[in-house]
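Below: entry-v8.pdb (PDB, C-alpha atoms, pLDDT in the B column)
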ATOM      1  CA  MET A  29      31.197 -56.902  -8.950  1.00 49.00           C
ATOM      2  CA  ARG A  30      28.437 -54.303  -8.955  1.00 64.00           C
ATOM      3  CA  MET A  31      30.036 -51.173 -10.370  1.00 89.00           C
ATOM      4  CA  ILE A  32      28.451 -48.286  -8.500  1.00 95.00           C
ATOM      5  CA  ILE A  33      29.772 -44.730  -8.698  1.00 97.00           C
ATOM      6  CA  THR A  34      28.484 -42.212  -6.167  1.00 97.00           C
ATOM      7  CA  ILE A  35      28.612 -38.436  -6.489  1.00 98.00           C
ATOM      8  CA  ASP A  36      27.690 -36.460  -3.386  1.00 97.00           C
ATOM      9  CA  GLY A  37      27.766 -32.733  -2.788  1.00 96.00           C
ATOM     10  CA  PRO A  38      25.694 -29.654  -2.006  1.00 94.00           C
ATOM     11  CA  SER A  39      22.955 -28.112  -4.126  1.00 89.00           C
ATOM     12  CA  GLY A  40      24.180 -26.466  -7.322  1.00 90.00           C
ATOM     13  CA  ALA A  41      27.611 -28.093  -7.406  1.00 94.00           C
ATOM     14  CA  GLY A  42      26.835 -29.640 -10.803  1.00 93.00           C
ATOM     15  CA  LYS A  43      26.127 -33.202  -9.681  1.00 94.00           C
ATOM     16  CA  SER A  44      23.136 -33.761 -11.964  1.00 91.00           C
ATOM     17  CA  THR A  45      24.809 -32.493 -15.128  1.00 92.00           C
ATOM     18  CA  VAL A  46      28.068 -34.297 -14.422  1.00 96.00           C
ATOM     19  CA  GLY A  47      26.424 -37.501 -13.195  1.00 96.00           C
ATOM     20  CA  PHE A  48      24.096 -37.752 -16.170  1.00 94.00           C
ATOM     21  CA  LYS A  49      26.859 -37.182 -18.717  1.00 95.00           C
ATOM     22  CA  LEU A  50      29.216 -39.543 -16.903  1.00 96.00           C
ATOM     23  CA  ALA A  51      26.560 -42.270 -16.952  1.00 95.00           C
ATOM     24  CA  ARG A  52      26.062 -41.767 -20.695  1.00 94.00           C
ATOM     25  CA  ILE A  53      29.800 -42.064 -21.353  1.00 95.00           C
ATOM     26  CA  LEU A  54      30.046 -45.258 -19.306  1.00 94.00           C
ATOM     27  CA  GLY A  55      26.753 -46.745 -20.503  1.00 93.00           C
ATOM     28  CA  TYR A  56      25.489 -46.912 -16.913  1.00 95.00           C
ATOM     29  CA  ARG A  57      22.071 -46.170 -15.452  1.00 93.00           C
ATOM     30  CA  TYR A  58      21.676 -42.821 -13.690  1.00 95.00           C
ATOM     31  CA  ILE A  59      19.752 -41.804 -10.582  1.00 94.00           C
ATOM     32  CA  ASP A  60      19.412 -38.304  -9.163  1.00 94.00           C
ATOM     33  CA  SER A  61      18.442 -38.957  -5.538  1.00 93.00           C
ATOM     34  CA  GLY A  62      17.643 -35.275  -5.018  1.00 91.00           C
ATOM     35  CA  ALA A  63      14.894 -35.613  -7.625  1.00 94.00           C
ATOM     36  CA  LEU A  64      13.346 -38.406  -5.542  1.00 96.00           C
ATOM     37  CA  TYR A  65      12.971 -36.108  -2.537  1.00 96.00           C
ATOM     38  CA  ARG A  66      11.686 -33.331  -4.779  1.00 96.00           C
ATOM     39  CA  ILE A  67       9.008 -35.664  -6.139  1.00 97.00           C
ATOM     40  CA  VAL A  68       7.930 -36.500  -2.596  1.00 97.00           C
ATOM     41  CA  ALA A  69       7.723 -32.752  -1.913  1.00 97.00           C
ATOM     42  CA  LEU A  70       5.735 -32.172  -5.115  1.00 97.00           C
ATOM     43  CA  GLU A  71       3.292 -34.968  -4.289  1.00 96.00           C
ATOM     44  CA  ALA A  72       2.927 -33.680  -0.723  1.00 97.00           C
ATOM     45  CA  LYS A  73       2.048 -30.211  -2.005  1.00 96.00           C
ATOM     46  CA  LYS A  74      -0.422 -31.604  -4.550  1.00 95.00           C
ATOM     47  CA  ASN A  75      -2.144 -33.742  -1.915  1.00 95.00           C
ATOM     48  CA  GLY A  76      -2.142 -31.174   0.883  1.00 96.00           C
ATOM     49  CA  ILE A  77       0.148 -33.229   3.114  1.00 97.00           C
ATOM     50  CA  ASN A  78       1.880 -31.158   5.784  1.00 93.00           C
ATOM     51  CA  GLU A  79       5.661 -31.484   5.992  1.00 91.00           C
ATOM     52  CA  LYS A  80       5.301 -32.640   9.599  1.00 91.00           C
ATOM     53  CA  GLU A  81       3.079 -35.607   8.655  1.00 96.00           C
ATOM     54  CA  GLU A  82       6.016 -37.986   8.487  1.00 96.00           C
ATOM     55  CA  GLU A  83       4.070 -41.222   8.089  1.00 96.00           C
ATOM     56  CA  GLN A  84       2.168 -39.972   5.056  1.00 97.00           C
ATOM     57  CA  LEU A  85       5.336 -38.539   3.525  1.00 97.00           C
ATOM     58  CA  ALA A  86       7.141 -41.856   4.040  1.00 97.00           C
ATOM     59  CA  ASN A  87       4.243 -43.590   2.301  1.00 97.00           C
ATOM     60  CA  LEU A  88       4.666 -41.260  -0.692  1.00 96.00           C
ATOM     61  CA  ALA A  89       8.365 -42.122  -0.778  1.00 96.00           C
ATOM     62  CA  LYS A  90       7.623 -45.838  -0.574  1.00 95.00           C
ATOM     63  CA  ASN A  91       5.336 -45.743  -3.605  1.00 93.00           C
ATOM     64  CA  LEU A  92       7.465 -43.781  -6.079  1.00 92.00           C
ATOM     65  CA  LYS A  93       7.416 -45.024  -9.682  1.00 93.00           C
ATOM     66  CA  VAL A  94      10.306 -42.979 -11.045  1.00 94.00           C
ATOM     67  CA  ASN A  95      12.205 -43.206 -14.313  1.00 92.00           C
ATOM     68  CA  PHE A  96      15.137 -41.096 -15.499  1.00 92.00           C
ATOM     69  CA  LEU A  97      15.143 -40.878 -19.288  1.00 89.00           C
ATOM     70  CA  ASN A  98      17.513 -39.409 -21.840  1.00 85.00           C
ATOM     71  CA  GLU A  99      15.652 -37.193 -24.292  1.00 86.00           C
ATOM     72  CA  ASN A 100      17.951 -35.528 -26.803  1.00 82.00           C
ATOM     73  CA  GLY A 101      20.782 -35.441 -24.308  1.00 80.00           C
ATOM     74  CA  LYS A 102      18.708 -33.964 -21.484  1.00 84.00           C
ATOM     75  CA  ILE A 103      17.518 -35.512 -18.225  1.00 87.00           C
ATOM     76  CA  LYS A 104      13.795 -36.122 -18.074  1.00 93.00           C
ATOM     77  CA  VAL A 105      12.258 -37.266 -14.792  1.00 95.00           C
ATOM     78  CA  PHE A 106       8.981 -39.180 -14.783  1.00 96.00           C
ATOM     79  CA  ASN A 107       6.809 -40.296 -11.869  1.00 95.00           C
ATOM     80  CA  TYR A 108       3.929 -42.623 -12.774  1.00 93.00           C
ATOM     81  CA  ASN A 109       4.653 -41.750 -16.437  1.00 93.00           C
ATOM     82  CA  GLN A 110       4.124 -38.028 -15.784  1.00 95.00           C
ATOM     83  CA  ASP A 111       6.953 -35.701 -16.785  1.00 96.00           C
ATOM     84  CA  VAL A 112       7.801 -33.780 -13.588  1.00 96.00           C
ATOM     85  CA  SER A 113      11.207 -32.515 -14.738  1.00 94.00           C
ATOM     86  CA  GLU A 114      10.285 -28.827 -14.523  1.00 91.00           C
ATOM     87  CA  LEU A 115       7.734 -29.045 -11.706  1.00 94.00           C
ATOM     88  CA  ILE A 116      10.291 -30.368  -9.198  1.00 95.00           C
ATOM     89  CA  ARG A 117      12.847 -27.626  -9.898  1.00 88.00           C
ATOM     90  CA  SER A 118      10.965 -24.610  -8.562  1.00 88.00           C
ATOM     91  CA  PRO A 119      12.535 -22.795  -5.575  1.00 84.00           C
ATOM     92  CA  GLU A 120       9.453 -23.629  -3.457  1.00 91.00           C
ATOM     93  CA  ILE A 121       9.719 -27.371  -4.097  1.00 94.00           C
ATOM     94  CA  SER A 122      13.498 -27.238  -3.600  1.00 89.00           C
ATOM     95  CA  MET A 123      13.161 -25.768  -0.118  1.00 89.00           C
ATOM     96  CA  LEU A 124      10.291 -28.092   0.814  1.00 94.00           C
ATOM     97  CA  ALA A 125      12.314 -31.090  -0.372  1.00 94.00           C
ATOM     98  CA  SER A 126      15.234 -29.965   1.791  1.00 88.00           C
ATOM     99  CA  ARG A 127      13.030 -29.977   4.892  1.00 92.00           C
ATOM    100  CA  ILE A 128      11.305 -33.244   4.048  1.00 94.00           C
ATOM    101  CA  SER A 129      14.646 -34.944   3.357  1.00 91.00           C
ATOM    102  CA  ALA A 130      15.593 -34.467   7.011  1.00 90.00           C
ATOM    103  CA  LEU A 131      12.871 -36.941   8.061  1.00 94.00           C
ATOM    104  CA  LYS A 132      14.354 -40.316   8.976  1.00 93.00           C
ATOM    105  CA  SER A 133      11.514 -42.510   7.707  1.00 96.00           C
ATOM    106  CA  VAL A 134      11.431 -40.686   4.361  1.00 96.00           C
ATOM    107  CA  ARG A 135      15.190 -41.137   3.931  1.00 94.00           C
ATOM    108  CA  GLU A 136      14.885 -44.824   4.808  1.00 96.00           C
ATOM    109  CA  GLU A 137      12.280 -45.375   2.081  1.00 97.00           C
ATOM    110  CA  ILE A 138      14.319 -43.454  -0.510  1.00 96.00           C
ATOM    111  CA  THR A 139      17.485 -45.324   0.507  1.00 96.00           C
ATOM    112  CA  ALA A 140      15.705 -48.674   0.103  1.00 96.00           C
ATOM    113  CA  TRP A 141      14.501 -47.638  -3.374  1.00 94.00           C
ATOM    114  CA  GLN A 142      18.017 -46.664  -4.430  1.00 95.00           C
ATOM    115  CA  ARG A 143      19.523 -49.896  -3.125  1.00 95.00           C
ATOM    116  CA  ARG A 144      17.029 -51.919  -5.134  1.00 92.00           C
ATOM    117  CA  MET A 145      18.206 -50.093  -8.229  1.00 91.00           C
ATOM    118  CA  GLY A 146      21.835 -50.620  -7.227  1.00 91.00           C
ATOM    119  CA  ASN A 147      21.363 -54.370  -7.067  1.00 89.00           C
ATOM    120  CA  LYS A 148      21.249 -54.325 -10.868  1.00 86.00           C
ATOM    121  CA  GLY A 149      24.787 -52.880 -10.982  1.00 86.00           C
ATOM    122  CA  ASP A 150      26.424 -50.354 -13.340  1.00 93.00           C
ATOM    123  CA  LEU A 151      24.938 -47.260 -11.740  1.00 96.00           C
ATOM    124  CA  VAL A 152      25.883 -43.607 -11.277  1.00 97.00           C
ATOM    125  CA  LEU A 153      24.055 -42.295  -8.216  1.00 97.00           C
ATOM    126  CA  GLU A 154      24.248 -38.679  -7.148  1.00 96.00           C
ATOM    127  CA  GLY A 155      22.892 -37.062  -4.017  1.00 94.00           C
ATOM    128  CA  ARG A 156      23.780 -36.044  -0.482  1.00 93.00           C
ATOM    129  CA  ASP A 157      24.451 -39.405   1.191  1.00 94.00           C
ATOM    130  CA  ALA A 158      25.017 -41.745  -1.766  1.00 96.00           C
ATOM    131  CA  GLY A 159      28.550 -42.660  -0.680  1.00 97.00           C
ATOM    132  CA  THR A 160      28.111 -42.365   3.079  1.00 96.00           C
ATOM    133  CA  VAL A 161      24.786 -44.144   3.676  1.00 95.00           C
ATOM    134  CA  VAL A 162      23.213 -45.609   0.548  1.00 96.00           C
ATOM    135  CA  PHE A 163      26.301 -47.343  -0.879  1.00 96.00           C
ATOM    136  CA  PRO A 164      29.158 -46.966   1.640  1.00 96.00           C
ATOM    137  CA  ASP A 165      30.970 -49.869  -0.066  1.00 94.00           C
ATOM    138  CA  ALA A 166      30.805 -48.364  -3.563  1.00 95.00           C
ATOM    139  CA  PRO A 167      34.235 -48.770  -5.193  1.00 94.00           C
ATOM    140  CA  ILE A 168      34.307 -45.198  -6.528  1.00 96.00           C
ATOM    141  CA  LYS A 169      33.027 -42.175  -4.622  1.00 97.00           C
ATOM    142  CA  PHE A 170      33.196 -38.501  -5.506  1.00 98.00           C
ATOM    143  CA  PHE A 171      32.266 -35.380  -3.545  1.00 98.00           C
ATOM    144  CA  LEU A 172      31.580 -32.460  -5.873  1.00 98.00           C
ATOM    145  CA  ASP A 173      31.662 -29.018  -4.284  1.00 97.00           C
ATOM    146  CA  ALA A 174      31.726 -25.303  -5.199  1.00 97.00           C
ATOM    147  CA  THR A 175      31.362 -22.018  -3.363  1.00 97.00           C
ATOM    148  CA  SER A 176      27.834 -20.920  -2.448  1.00 96.00           C
ATOM    149  CA  GLU A 177      28.240 -17.823  -4.642  1.00 96.00           C
ATOM    150  CA  VAL A 178      29.168 -19.869  -7.717  1.00 96.00           C
ATOM    151  CA  ARG A 179      26.363 -22.328  -7.068  1.00 96.00           C
ATOM    152  CA  GLY A 180      23.885 -19.509  -6.579  1.00 95.00           C
ATOM    153  CA  LYS A 181      24.876 -17.885  -9.883  1.00 95.00           C
ATOM    154  CA  ARG A 182      24.471 -21.182 -11.714  1.00 93.00           C
ATOM    155  CA  ARG A 183      20.988 -21.673 -10.299  1.00 90.00           C
ATOM    156  CA  PHE A 184      20.068 -18.032 -10.957  1.00 93.00           C
ATOM    157  CA  ASN A 185      21.077 -18.302 -14.631  1.00 91.00           C
ATOM    158  CA  GLU A 186      19.176 -21.570 -14.995  1.00 86.00           C
ATOM    159  CA  LEU A 187      15.963 -20.056 -13.611  1.00 86.00           C
ATOM    160  CA  LYS A 188      16.351 -16.848 -15.632  1.00 88.00           C
ATOM    161  CA  LEU A 189      16.583 -18.887 -18.825  1.00 87.00           C
ATOM    162  CA  LYS A 190      13.209 -20.366 -17.909  1.00 83.00           C
ATOM    163  CA  GLY A 191      11.777 -16.866 -17.588  1.00 86.00           C
ATOM    164  CA  LEU A 192      11.232 -17.051 -13.838  1.00 82.00           C
ATOM    165  CA  PRO A 193      11.414 -13.827 -11.766  1.00 84.00           C
ATOM    166  CA  VAL A 194      14.256 -14.563  -9.362  1.00 86.00           C
ATOM    167  CA  SER A 195      16.753 -12.611  -7.292  1.00 93.00           C
ATOM    168  CA  LEU A 196      20.426 -13.615  -7.229  1.00 94.00           C
ATOM    169  CA  GLU A 197      20.716 -12.613  -3.571  1.00 94.00           C
ATOM    170  CA  GLN A 198      17.655 -14.669  -2.670  1.00 93.00           C
ATOM    171  CA  ILE A 199      18.940 -17.716  -4.572  1.00 93.00           C
ATOM    172  CA  ILE A 200      22.333 -17.548  -2.809  1.00 95.00           C
ATOM    173  CA  GLN A 201      20.590 -17.224   0.553  1.00 94.00           C
ATOM    174  CA  GLU A 202      18.414 -20.259  -0.233  1.00 91.00           C
ATOM    175  CA  ILE A 203      21.529 -22.204  -1.249  1.00 93.00           C
ATOM    176  CA  LYS A 204      23.116 -21.383   2.112  1.00 94.00           C
ATOM    177  CA  GLU A 205      19.932 -22.403   3.961  1.00 92.00           C
ATOM    178  CA  ARG A 206      19.855 -25.731   2.110  1.00 88.00           C
ATOM    179  CA  ASP A 207      23.526 -26.277   2.916  1.00 93.00           C
ATOM    180  CA  HIS A 208      22.813 -25.666   6.600  1.00 92.00           C
ATOM    181  CA  ASN A 209      19.798 -28.004   6.564  1.00 89.00           C
ATOM    182  CA  ASP A 210      21.723 -30.727   4.742  1.00 89.00           C
ATOM    183  CA  ARG A 211      24.896 -30.534   6.834  1.00 93.00           C
ATOM    184  CA  THR A 212      23.252 -30.288  10.254  1.00 92.00           C
ATOM    185  CA  ARG A 213      20.371 -32.758  10.029  1.00 88.00           C
ATOM    186  CA  CYS A 214      20.572 -35.607  12.540  1.00 88.00           C
ATOM    187  CA  TYR A 215      20.095 -38.421  10.044  1.00 87.00           C
ATOM    188  CA  ALA A 216      22.488 -38.843   7.092  1.00 88.00           C
ATOM    189  CA  PRO A 217      23.999 -35.330   7.075  1.00 91.00           C
ATOM    190  CA  LEU A 218      25.822 -34.094   4.007  1.00 94.00           C
ATOM    191  CA  LYS A 219      29.558 -34.806   4.256  1.00 95.00           C
ATOM    192  CA  PRO A 220      32.231 -36.460   2.120  1.00 96.00           C
ATOM    193  CA  ALA A 221      32.733 -40.187   2.588  1.00 97.00           C
ATOM    194  CA  PRO A 222      36.167 -40.895   4.134  1.00 96.00           C
ATOM    195  CA  ASP A 223      37.375 -42.414   0.858  1.00 96.00           C
ATOM    196  CA  ALA A 224      35.662 -39.946  -1.500  1.00 97.00           C
ATOM    197  CA  VAL A 225      37.645 -37.976  -4.064  1.00 97.00           C
ATOM    198  CA  ILE A 226      36.792 -34.303  -3.488  1.00 98.00           C
ATOM    199  CA  ILE A 227      36.512 -32.098  -6.584  1.00 98.00           C
ATOM    200  CA  ASP A 228      35.887 -28.348  -6.366  1.00 97.00           C
ATOM    201  CA  SER A 229      34.013 -27.348  -9.517  1.00 96.00           C
ATOM    202  CA  SER A 230      34.011 -23.589  -8.802  1.00 96.00           C
ATOM    203  CA  ASN A 231      36.494 -22.848 -11.594  1.00 96.00           C
ATOM    204  CA  LEU A 232      36.055 -25.980 -13.719  1.00 96.00           C
ATOM    205  CA  THR A 233      33.879 -26.675 -16.736  1.00 95.00           C
ATOM    206  CA  VAL A 234      31.623 -29.723 -16.824  1.00 95.00           C
ATOM    207  CA  GLU A 235      34.023 -31.334 -19.293  1.00 97.00           C
ATOM    208  CA  GLU A 236      36.995 -30.736 -16.980  1.00 98.00           C
ATOM    209  CA  VAL A 237      35.172 -32.294 -14.034  1.00 98.00           C
ATOM    210  CA  ILE A 238      34.205 -35.344 -16.101  1.00 98.00           C
ATOM    211  CA  ALA A 239      37.763 -35.692 -17.392  1.00 98.00           C
ATOM    212  CA  ARG A 240      39.084 -35.814 -13.823  1.00 97.00           C
ATOM    213  CA  MET A 241      36.474 -38.387 -12.873  1.00 97.00           C
ATOM    214  CA  MET A 242      37.194 -40.558 -15.905  1.00 97.00           C
ATOM    215  CA  THR A 243      40.917 -40.567 -15.075  1.00 96.00           C
ATOM    216  CA  ILE A 244      40.124 -41.835 -11.577  1.00 95.00           C
ATOM    217  CA  ILE A 245      37.591 -44.390 -12.846  1.00 94.00           C
ATOM    218  CA  GLN A 246      40.026 -45.817 -15.393  1.00 92.00           C
ATOM    219  CA  LYS A 247      42.749 -46.036 -12.755  1.00 90.00           C
ATOM    220  CA  LYS A 248      40.378 -47.885 -10.429  1.00 84.00           C
ATOM    221  CA  LYS A 249      39.293 -50.298 -13.152  1.00 78.00           C
ATOM    222  CA  LEU A 250      42.951 -51.110 -13.781  1.00 77.00           C
ATOM    223  CA  GLY A 251      43.404 -51.978 -10.134  1.00 75.00           C
ATOM    224  CA  GLY A 252      45.148 -48.795  -9.027  1.00 61.00           C
ATOM    225  CA  LYS A 253      44.532 -46.786  -5.890  1.00 62.00           C
ATOM    226  CA  ILE A 254      42.572 -43.538  -5.980  1.00 56.00           C
TER
END
Show the structure stored in the file as structure tokens.
Amino acid sequence: MRMIITIDGPSGAGKSTVGFKLARILGYRYIDSGALYRIVALEAKKNGINEKEEEQLANLAKNLKVNFLNENGKIKVFNYNQDVSELIRSPEISMLASRISALKSVREEITAWQRRMGNKGDLVLEGRDAGTVVFPDAPIKFFLDATSEVRGKRRFNELKLKGLPVSLEQIIQEIKERDHNDRTRCYAPLKPAPDAVIIDSSNLTVEEVIARMMTIIQKKKLGGKI
């Protein structure tokens, strides 16, 4: 059986950190689907492609050459062997990626890419529709959530550490806008899968979230219900 674990949830809930560490513990491959849309947004900006030019954006998505690498315990994202880890995390690219991700043909290309990776098995995939659209039959699904205020503070602290001039109020507002975009889009809106285990990380550490997930994973591997 292909062992695929999906982790869905809104921006800033901790999916990337948790998913990456969970994959390392299990010895699984890891994919951050949000990074895929961010790379499309980055490439669109670099090539002067308007966010309404859906066909050209879908072509960018179709031709991604992405690798997620572990460098000293940190996630590094490469596209065509170029390290884009920092470039795709700017607030501008984040908001552009949110709008581009609402385009049906772009989502179809990204979904196809993820499914090709899933065919190899043993995968932790995190995103917005990993358990509802990409792998609805995945044996283990999580939905990681947190309040918009907590998520905004996390993002604010992350950007401040990088020396970027950011406003906490602006970051929280952008988080809320992304939530609205993700939850209300026509195609593949953000929502928990019916059989997903929902975890609120607002008052939990990364280690506590992973511990809860590992308990559920072990129970599932032993044939128990979750």
Of the candidates A:Asp157, A:Glu82, A:Glu99, A:Glu137, which shows the shortest atom-to-atom distance to Asp60 (chain A), using only C-alpha atoms?
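Selected residue with least distance to Asp60 (chain A): A:Asp157.
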Among A:Ile138, A:Ala166, A:Val46, A:Ala41, Arg240 (chain A) is approached most closely, using only C-alpha atoms, by A:Val46
Would you pick out the contacts of Arg206 (chain A) at 10 Å or less, using only C-alpha atoms, so that residues sharing its chain but fewer than 2 positions from it are not included, and give the list as a PyMOL selection string?
chain A and resi 38-39+122-127+200-204+208-212
Identify, on the basis of only C-alpha atoms, every residue whose closest approach to Leu70 (chain A) does not exceed 8 Å; exclude the query and any residue fewer than 6 positions from it along the same chain; express the result as number ranges by chain.
A: 115-116, 121
With all atoms listed in the file as the basis for distance, which of A:Ile35, A:Ile53, A:Leu151, A:Ala221 is at the shortest distance from Asp165 (chain A)?
A:Ala221
Apply the PyMOL selection byres ((chain A and resi 148) around 12) to the displayed file and report the matching residues as a PDB file with C-alpha atoms, in the frame of the given file.
ATOM      1  CA  MET A  29      31.197 -56.902  -8.950  1.00 49.00           C
ATOM      2  CA  ARG A  30      28.437 -54.303  -8.955  1.00 64.00           C
ATOM      3  CA  MET A  31      30.036 -51.173 -10.370  1.00 89.00           C
ATOM      4  CA  ILE A  32      28.451 -48.286  -8.500  1.00 95.00           C
ATOM      5  CA  TYR A  56      25.489 -46.912 -16.913  1.00 95.00           C
ATOM      6  CA  ARG A  57      22.071 -46.170 -15.452  1.00 93.00           C
ATOM      7  CA  TYR A  58      21.676 -42.821 -13.690  1.00 95.00           C
ATOM      8  CA  GLN A 142      18.017 -46.664  -4.430  1.00 95.00           C
ATOM      9  CA  ARG A 143      19.523 -49.896  -3.125  1.00 95.00           C
ATOM     10  CA  ARG A 144      17.029 -51.919  -5.134  1.00 92.00           C
ATOM     11  CA  MET A 145      18.206 -50.093  -8.229  1.00 91.00           C
ATOM     12  CA  GLY A 146      21.835 -50.620  -7.227  1.00 91.00           C
ATOM     13  CA  ASN A 147      21.363 -54.370  -7.067  1.00 89.00           C
ATOM     14  CA  GLY A 149      24.787 -52.880 -10.982  1.00 86.00           C
ATOM     15  CA  ASP A 150      26.424 -50.354 -13.340  1.00 93.00           C
ATOM     16  CA  LEU A 151      24.938 -47.260 -11.740  1.00 96.00           C
ATOM     17  CA  VAL A 152      25.883 -43.607 -11.277  1.00 97.00           C
TER      18      VAL A 152
END
Translate the PyMOL selection byres ((chain A and resi 134) around 9) into a concrete residue list for this structure, as a list of chain:residue names.
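Here the PyMOL selection byres ((chain A and resi 134) around 9) matches A:Tyr65, A:Val68, A:Glu82, A:Glu83, A:Leu85, A:Ala86, A:Asn87, A:Leu88, A:Ala89, A:Lys90, A:Ile128, A:Ser129, A:Ala130, A:Leu131, A:Lys132, A:Ser133, A:Arg135, A:Glu136, A:Glu137, A:Ile138, A:Thr139.
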Out of A:Glu114, A:Glu79, A:Leu92, A:Ile168, which residue has the shortest atom-to-atom distance to Leu187 (chain A) when counting all atoms listed in the file?
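When distances to Leu187 (chain A) are compared using all atoms listed in the file, the smallest one comes from A:Glu114.
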Residue list as a ChimeraX atom specification for point (16.0, -35.4, -13.3), cut-off 8 Å, all atoms listed in the file
/A:44,59-60,63,96,103-105,113
Using only C-alpha atoms, which of the listed residues (A:Glu120, A:Asp173, A:Asp207, A:Glu71) sits closest to Val225 (chain A)?
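Counting only C-alpha atoms, the residue closest to Val225 (chain A) is A:Asp173.
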Picked residues, the PyMOL selection byres ((chain A and resi 172) around 12), as JSON, numbers by chain:
{"A": [34, 35, 36, 37, 38, 39, 40, 41, 42, 43, 44, 45, 46, 47, 154, 155, 156, 159, 169, 170, 171, 173, 174, 175, 179, 218, 219, 220, 221, 224, 225, 226, 227, 228, 229, 230, 232, 234, 237, 238, 240, 241]}
Can you work out the spacing between CA of Ala216 (chain A) and CA of Gly76 (chain A) in Å, to one decimal?
26.5 Å
Which of these, A:Gly191, A:Leu54, A:Ser118, A:Asp223, has the shortest distance to Pro164 (chain A) once you count only C-alpha atoms?
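Of A:Gly191, A:Leu54, A:Ser118, A:Asp223, the one nearest Pro164 (chain A) is A:Asp223, counting only C-alpha atoms.
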For a cut-off of 9 Å around (23.0, -35.2, -23.4), file coordinates, pick out all residues using only C-alpha atoms and list them as an NGL selection string.
:A and (45 or 48-49 or 52 or 98-103)
